[in-house]
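As provided, structure.txt (compact mmCIF, C-alpha atoms) reads as follows.
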```txt
# COMPACT_ATOMS: atom_id res chain seq x y z
CA MET A 16 -21.81 0.32 8.04
CA LYS A 17 -21.86 3.24 5.62
CA LEU A 18 -18.72 3.38 3.51
CA PRO A 19 -16.84 6.63 2.92
CA ASN A 20 -17.85 8.66 -0.12
CA ARG A 21 -14.37 8.11 -1.54
CA TYR A 22 -15.50 4.62 -2.59
CA LEU A 23 -18.79 5.59 -4.24
CA ARG A 24 -17.36 5.35 -7.75
CA ASN A 25 -16.17 1.82 -7.01
CA HIS A 26 -19.69 0.58 -6.49
CA SER A 27 -20.73 0.08 -10.09
CA LEU A 28 -18.30 -2.86 -9.97
CA ILE A 29 -17.72 -3.48 -6.25
CA SER A 30 -20.56 -4.01 -3.78
CA GLU A 31 -20.47 -2.67 -0.22
CA ASP A 32 -19.79 -6.17 1.09
CA GLU A 33 -16.94 -6.58 -1.38
CA GLN A 34 -15.54 -3.20 -0.41
CA GLU A 35 -15.51 -4.32 3.22
CA LEU A 36 -13.81 -7.57 2.18
CA LEU A 37 -11.16 -5.59 0.30
CA ARG A 38 -10.38 -3.66 3.48
CA THR A 39 -9.38 -6.94 5.15
CA LYS A 40 -6.87 -7.87 2.44
CA SER A 41 -3.15 -7.31 2.15
CA ALA A 42 -1.03 -7.16 -1.01
CA ALA A 43 2.76 -7.29 -1.16
CA ILE A 44 4.21 -5.36 -4.10
CA VAL A 45 7.72 -6.44 -4.99
CA GLY A 46 9.37 -3.62 -6.91
CA GLY A 47 8.56 0.06 -6.53
CA GLY A 48 9.41 1.22 -10.03
CA GLY A 49 7.41 1.40 -13.25
CA LEU A 50 4.86 -1.28 -12.41
CA GLY A 51 5.12 -1.11 -8.63
CA GLY A 52 4.26 2.56 -8.24
CA HIS A 53 1.09 2.21 -10.29
CA LEU A 54 0.16 -1.00 -8.49
CA ALA A 55 0.52 0.67 -5.09
CA GLU A 56 -1.50 3.73 -6.05
CA GLN A 57 -4.35 1.80 -7.65
CA LEU A 58 -4.70 -0.64 -4.76
CA ALA A 59 -4.71 2.24 -2.28
CA ARG A 60 -7.39 4.10 -4.25
CA LEU A 61 -9.49 0.96 -4.42
CA GLY A 62 -9.41 0.71 -0.63
CA ILE A 63 -7.29 -2.33 0.13
CA GLY A 64 -6.50 -2.74 3.83
CA ARG A 65 -2.73 -3.05 3.66
CA VAL A 66 -0.01 -2.52 1.08
CA ILE A 67 3.48 -3.92 1.63
CA VAL A 68 6.09 -2.33 -0.64
CA ILE A 69 9.44 -4.11 -1.06
CA ASP A 70 12.28 -2.50 -3.00
CA GLY A 71 15.93 -1.82 -2.17
CA ASP A 72 16.44 0.69 -4.97
CA VAL A 73 16.53 4.49 -5.01
CA PHE A 74 15.06 6.84 -7.62
CA GLU A 75 17.45 7.93 -10.33
CA GLU A 76 17.16 10.24 -13.31
CA SER A 77 16.42 7.45 -15.79
CA ASN A 78 13.25 6.62 -13.80
CA LEU A 79 11.64 10.02 -14.43
CA ASN A 80 10.08 9.05 -17.76
CA ARG A 81 7.73 6.38 -16.37
CA GLN A 82 7.81 5.65 -12.63
CA ARG A 83 4.73 6.95 -10.86
CA PHE A 84 6.43 8.36 -7.74
CA SER A 85 9.70 9.39 -9.36
CA THR A 86 10.22 13.16 -9.26
CA GLU A 87 13.26 15.40 -9.50
CA SER A 88 13.03 16.18 -5.79
CA ARG A 89 13.12 12.46 -4.91
CA LEU A 90 16.24 11.49 -6.85
CA GLY A 91 18.50 9.47 -4.57
CA LEU A 92 15.70 8.61 -2.13
CA GLY A 93 14.49 5.07 -1.44
CA LYS A 94 11.55 3.99 -3.59
CA ALA A 95 9.75 1.95 -0.93
CA GLU A 96 9.81 4.71 1.66
CA CYS A 97 8.78 7.40 -0.86
CA ILE A 98 5.80 5.32 -1.95
CA LYS A 99 4.78 4.82 1.68
CA ASN A 100 4.87 8.56 2.35
CA GLU A 101 2.98 9.40 -0.83
CA LEU A 102 0.21 6.87 -0.20
CA LYS A 103 -0.61 8.59 3.07
CA ASP A 104 -2.04 11.43 0.97
CA VAL A 105 -3.70 9.06 -1.50
CA ASN A 106 -5.64 7.11 1.14
CA SER A 107 -4.90 7.52 4.84
CA GLU A 108 -7.14 4.53 5.65
CA VAL A 109 -4.67 2.13 4.05
CA GLU A 110 -1.87 0.71 6.18
CA VAL A 111 1.36 0.95 4.21
CA ILE A 112 4.45 -1.02 5.21
CA SER A 113 7.71 -0.30 3.40
CA HIS A 114 10.77 -2.51 3.26
CA GLN A 115 13.73 -0.65 1.77
CA THR A 116 15.53 -3.87 0.90
CA TRP A 117 16.01 -6.34 -1.94
CA ILE A 118 14.04 -9.56 -1.67
CA ASP A 119 16.07 -12.77 -1.81
CA GLY A 120 16.02 -16.35 -0.67
CA SER A 121 17.06 -15.46 2.87
CA ASN A 122 14.41 -12.83 3.65
CA GLY A 123 11.64 -13.53 1.15
CA LEU A 124 9.43 -15.77 3.28
CA GLN A 125 9.48 -13.28 6.14
CA LEU A 126 8.73 -10.31 3.87
CA LEU A 127 5.79 -11.99 2.11
CA LYS A 128 4.25 -14.08 4.89
CA ASP A 129 1.51 -11.59 5.84
CA ALA A 130 0.29 -10.99 2.28
CA ASP A 131 -2.89 -12.44 0.77
CA VAL A 132 -1.58 -11.79 -2.75
CA VAL A 133 1.85 -10.90 -4.14
CA MET A 134 2.07 -8.42 -7.01
CA ASP A 135 5.09 -8.76 -9.30
CA GLY A 136 6.62 -5.39 -10.13
CA THR A 137 10.13 -6.73 -10.75
CA ASP A 138 12.30 -6.27 -13.82
CA ASN A 139 14.35 -9.46 -14.03
CA ILE A 140 13.67 -13.14 -14.54
CA PRO A 141 15.59 -14.62 -11.57
CA THR A 142 13.55 -12.51 -9.12
CA ARG A 143 10.29 -13.45 -10.85
CA LEU A 144 11.14 -17.14 -10.50
CA LEU A 145 12.14 -16.55 -6.88
CA LEU A 146 8.75 -14.97 -6.21
CA GLN A 147 7.04 -17.97 -7.75
CA ARG A 148 8.96 -20.33 -5.46
CA LEU A 149 8.30 -18.23 -2.35
CA CYS A 150 4.60 -17.85 -3.12
CA GLU A 151 4.25 -21.57 -3.72
CA GLU A 152 5.84 -22.31 -0.35
CA LEU A 153 3.58 -19.78 1.38
CA ARG A 154 0.50 -20.86 -0.62
CA ILE A 155 -0.05 -17.29 -1.85
CA PRO A 156 -1.22 -16.33 -5.38
CA LEU A 157 1.23 -14.32 -7.49
CA ILE A 158 0.06 -11.81 -10.09
CA HIS A 159 2.83 -11.43 -12.65
CA GLY A 160 3.40 -8.46 -14.90
CA ALA A 161 6.21 -7.61 -17.30
CA ILE A 162 6.78 -4.76 -19.73
CA GLY A 163 9.07 -3.83 -22.60
CA GLY A 164 8.71 -1.23 -25.31
CA TRP A 165 5.19 -1.30 -26.76
CA PHE A 166 4.49 -4.67 -25.13
CA GLY A 167 3.33 -6.12 -21.83
CA GLN A 168 2.11 -9.35 -20.29
CA VAL A 169 0.08 -10.43 -17.28
CA CYS A 170 -0.84 -13.73 -15.66
CA VAL A 171 -2.03 -15.16 -12.34
CA VAL A 172 0.15 -17.89 -10.85
CA MET A 173 -1.63 -19.96 -8.25
CA PRO A 174 0.47 -22.13 -5.91
CA GLY A 175 1.57 -25.19 -7.84
CA ASP A 176 0.89 -23.76 -11.31
CA ARG A 177 4.53 -22.83 -11.98
CA THR A 178 3.47 -20.82 -15.01
CA LEU A 179 6.62 -18.68 -14.93
CA SER A 180 8.82 -21.78 -15.12
CA ARG A 181 7.17 -22.61 -18.43
CA LEU A 182 7.41 -19.02 -19.60
CA TYR A 183 11.05 -18.66 -18.52
CA PRO A 184 12.63 -22.15 -18.77
CA ASN A 185 16.13 -20.67 -18.43
CA GLU A 186 16.80 -18.45 -15.42
CA GLU A 187 19.64 -16.81 -17.32
CA MET A 188 17.24 -15.38 -19.90
CA THR A 189 17.11 -11.59 -20.18
CA GLY A 190 13.80 -9.72 -20.15
CA VAL A 191 12.90 -7.74 -23.27
CA GLU A 192 12.70 -4.53 -21.23
CA LYS A 193 16.51 -4.45 -21.20
CA HIS A 194 16.52 -4.11 -24.99
CA LEU A 195 13.26 -2.32 -25.81
CA GLY A 196 13.14 0.22 -23.01
CA ASN A 197 9.94 1.36 -21.30
CA PRO A 198 7.83 4.37 -22.31
CA PRO A 199 5.49 5.87 -19.68
CA PHE A 200 2.25 4.39 -20.98
CA ILE A 201 3.08 0.68 -20.82
CA PRO A 202 3.70 0.28 -17.05
CA ALA A 203 0.45 2.09 -16.27
CA LEU A 204 -1.45 -0.18 -18.66
CA VAL A 205 0.02 -3.45 -17.44
CA ALA A 206 -0.29 -2.50 -13.77
CA SER A 207 -3.98 -1.78 -14.39
CA LEU A 208 -4.44 -5.25 -15.86
CA GLN A 209 -2.68 -6.76 -12.84
CA VAL A 210 -5.00 -4.90 -10.47
CA ALA A 211 -8.01 -6.12 -12.44
CA GLU A 212 -6.77 -9.69 -11.95
CA PHE A 213 -6.30 -8.97 -8.24
CA ILE A 214 -9.92 -7.83 -7.91
CA LYS A 215 -11.25 -10.86 -9.80
CA LEU A 216 -9.14 -13.16 -7.65
CA ILE A 217 -10.24 -11.63 -4.34
CA PHE A 218 -13.92 -11.53 -5.25
CA GLY A 219 -14.07 -14.78 -7.22
CA LYS A 220 -15.39 -13.02 -10.31
CA GLY A 221 -14.81 -13.48 -14.01
CA GLU A 222 -12.06 -15.50 -15.65
CA LEU A 223 -8.51 -15.27 -14.39
CA VAL A 224 -5.52 -15.26 -16.71
CA ARG A 225 -4.34 -18.56 -15.27
CA ASN A 226 -2.13 -21.16 -17.01
CA SER A 227 -1.96 -18.62 -19.80
CA ILE A 228 -0.48 -15.21 -20.60
CA LEU A 229 -2.40 -12.10 -21.57
CA TYR A 230 -0.09 -10.43 -24.08
CA VAL A 231 -0.64 -6.79 -25.02
CA ASP A 232 0.83 -5.22 -28.16
CA THR A 233 0.00 -1.51 -28.18
CA LEU A 234 1.93 -0.92 -31.42
CA ASN A 235 -0.38 -3.14 -33.46
CA ASN A 236 -3.48 -2.82 -31.24
CA GLN A 237 -3.55 -6.50 -30.35
CA THR A 238 -4.41 -8.29 -27.11
CA ILE A 239 -3.84 -12.03 -27.19
CA LYS A 240 -4.39 -14.68 -24.53
CA ILE A 241 -1.94 -17.53 -25.00
CA ASP A 242 -2.31 -20.86 -23.19
CA ILE A 243 0.92 -22.14 -21.63
```
For this file, produce the structure as structure tokens.
Amino acid sequence: MKLPNRYLRNHSLISEDEQELLRTKSAAIVGGGGLGGHLAEQLARLGIGRVIVIDGDVFEESNLNRQRFSTESRLGLGKAECIKNELKDVNSEVEVISHQTWIDGSNGLQLLKDADVVMDGTDNIPTRLLLQRLCEELRIPLIHGAIGGWFGQVCVVMPGDRTLSRLYPNEEMTGVEKHLGNPPFIPALVASLQVAEFIKLIFGKGELVRNSILYVDTLNNQTIKIDI
């Protein structure tokens, strides 16, 4: 089967067979803000089969500096539904499912059950640990990302690894993004690294950031992989 020309520039890295495999895969993105918008767009442009966007929030003025689908005309509108509508123009071949709701212990299994991979676009530690628990129960890999100021981090959490429990031993901890803020460049960078991990995971290529954290410091031009 000849693939659409839209995927030609993928093929220096992704074979035709791999492109077809990607079209059978589904990713759930939890959080439609700084990380989540970039995650959704990149996966759609790559040609994933289905994107599930989960977020109960609406766009507000403070989102305009960094969130991919935040515009002045969308202030007050639901993030998940806006992303769904926008992705129709990005890649109409991708099925996009939006859930304009917050994920929690009562609905999480149902929301994530059809995903092959879960992408973490959240901004708080309790929800990240919840995602780890849900993904472990569903036997689904979780690709974690977090941002704050000049800094970001990424890792792949396979079922049973519990990497985030070692990274965040206290659920009451506060993420650094609350103190350092988020400029526009860091969510785009970290989301890109998460998508790279997604591709490696799906295709069984390269070395995953597993049982470790890839830490990015754009202020001092450092990228460090730390074993956990």
Using only C-alpha atoms, find the one residue out of A:Asp32, A:Glu87, A:Asp72, A:Asp131 that sits nearest to A:Ile217.
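That would be A:Asp131, the residue with the smallest distance to A:Ile217.
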Nearest to A:Thr86 by atom-to-atom distance, counting all atoms listed in the file, from A:Pro202, A:Pro141, A:Gly48, A:Gly160:
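Smallest distance to A:Thr86 is found for A:Gly48.
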Can you pull out the residues contacting stretch 38-43 of chain A? Cut-off 9 Å, using all atoms listed in the file, and skip same-chain residues under 5 positions away; I want them as a list in words.
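What passes the distance filter is Glu33, Ala55, Leu58, Gly62, Ile63, Gly64, Arg65, Val66, Ile67, Val68, Ile69, Val109, Leu126, Leu127, Asp129, Ala130, Asp131, Val132, Val133, Met134, Asp135 and Ile217 of chain A.
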List the spatial neighbours of A:Glu101 as JSON, numbers by chain - criterion: any atom at most 12 Å away, all atoms listed in the file, same-chain residues fewer than 5 positions off excluded.
{"A": [52, 55, 56, 59, 83, 84, 85, 86, 89, 94, 95, 96, 106, 107, 109, 111, 113]}
Can you list, as JSON, numbers by chain, every protein, DNA or RNA residue that comes within 10 Å of A:Pro156 when you count only C-alpha atoms, leaving out same-chain residues fewer than 3 positions away?
{"A": [130, 131, 132, 133, 134, 147, 150, 151, 153, 159, 171, 172, 173, 174, 175, 176, 213, 216]}
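Straight-line separation from atom CA of A:Gly46 to atom CA of A:Phe200: 17.7 Å.
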For A:Leu23, the nearest of the candidates A:His114, A:Arg154, A:Arg225, A:Arg60, counting only C-alpha atoms:
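Answer, going by the shortest atom-to-atom distance: A:Arg60.
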If we count only C-alpha atoms, what is near A:Gln237 at a cut-off of 12 Å, once residues fewer than 5 positions away on the same chain are taken out, given as a PyMOL selection string?
chain A and resi 165-168+229-232
Please, what is the axis-aligned box for every listed atom of stretch 151-168 of chain A with 6 Å on each side, as centre and edge lengths in Å to one decimal, as lines of an AutoDock Vina configuration file?
```
center_x = 3.9
center_y = -11.8
center_z = -12.7
size_x = 22.3
size_y = 33.1
size_z = 40.1
```
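With all atoms listed in the file as the atoms that count, the minimum distance from A:Ile239 to the choices A:Asn100, A:Gly196, A:Val169, A:Leu204 is reached by A:Val169.
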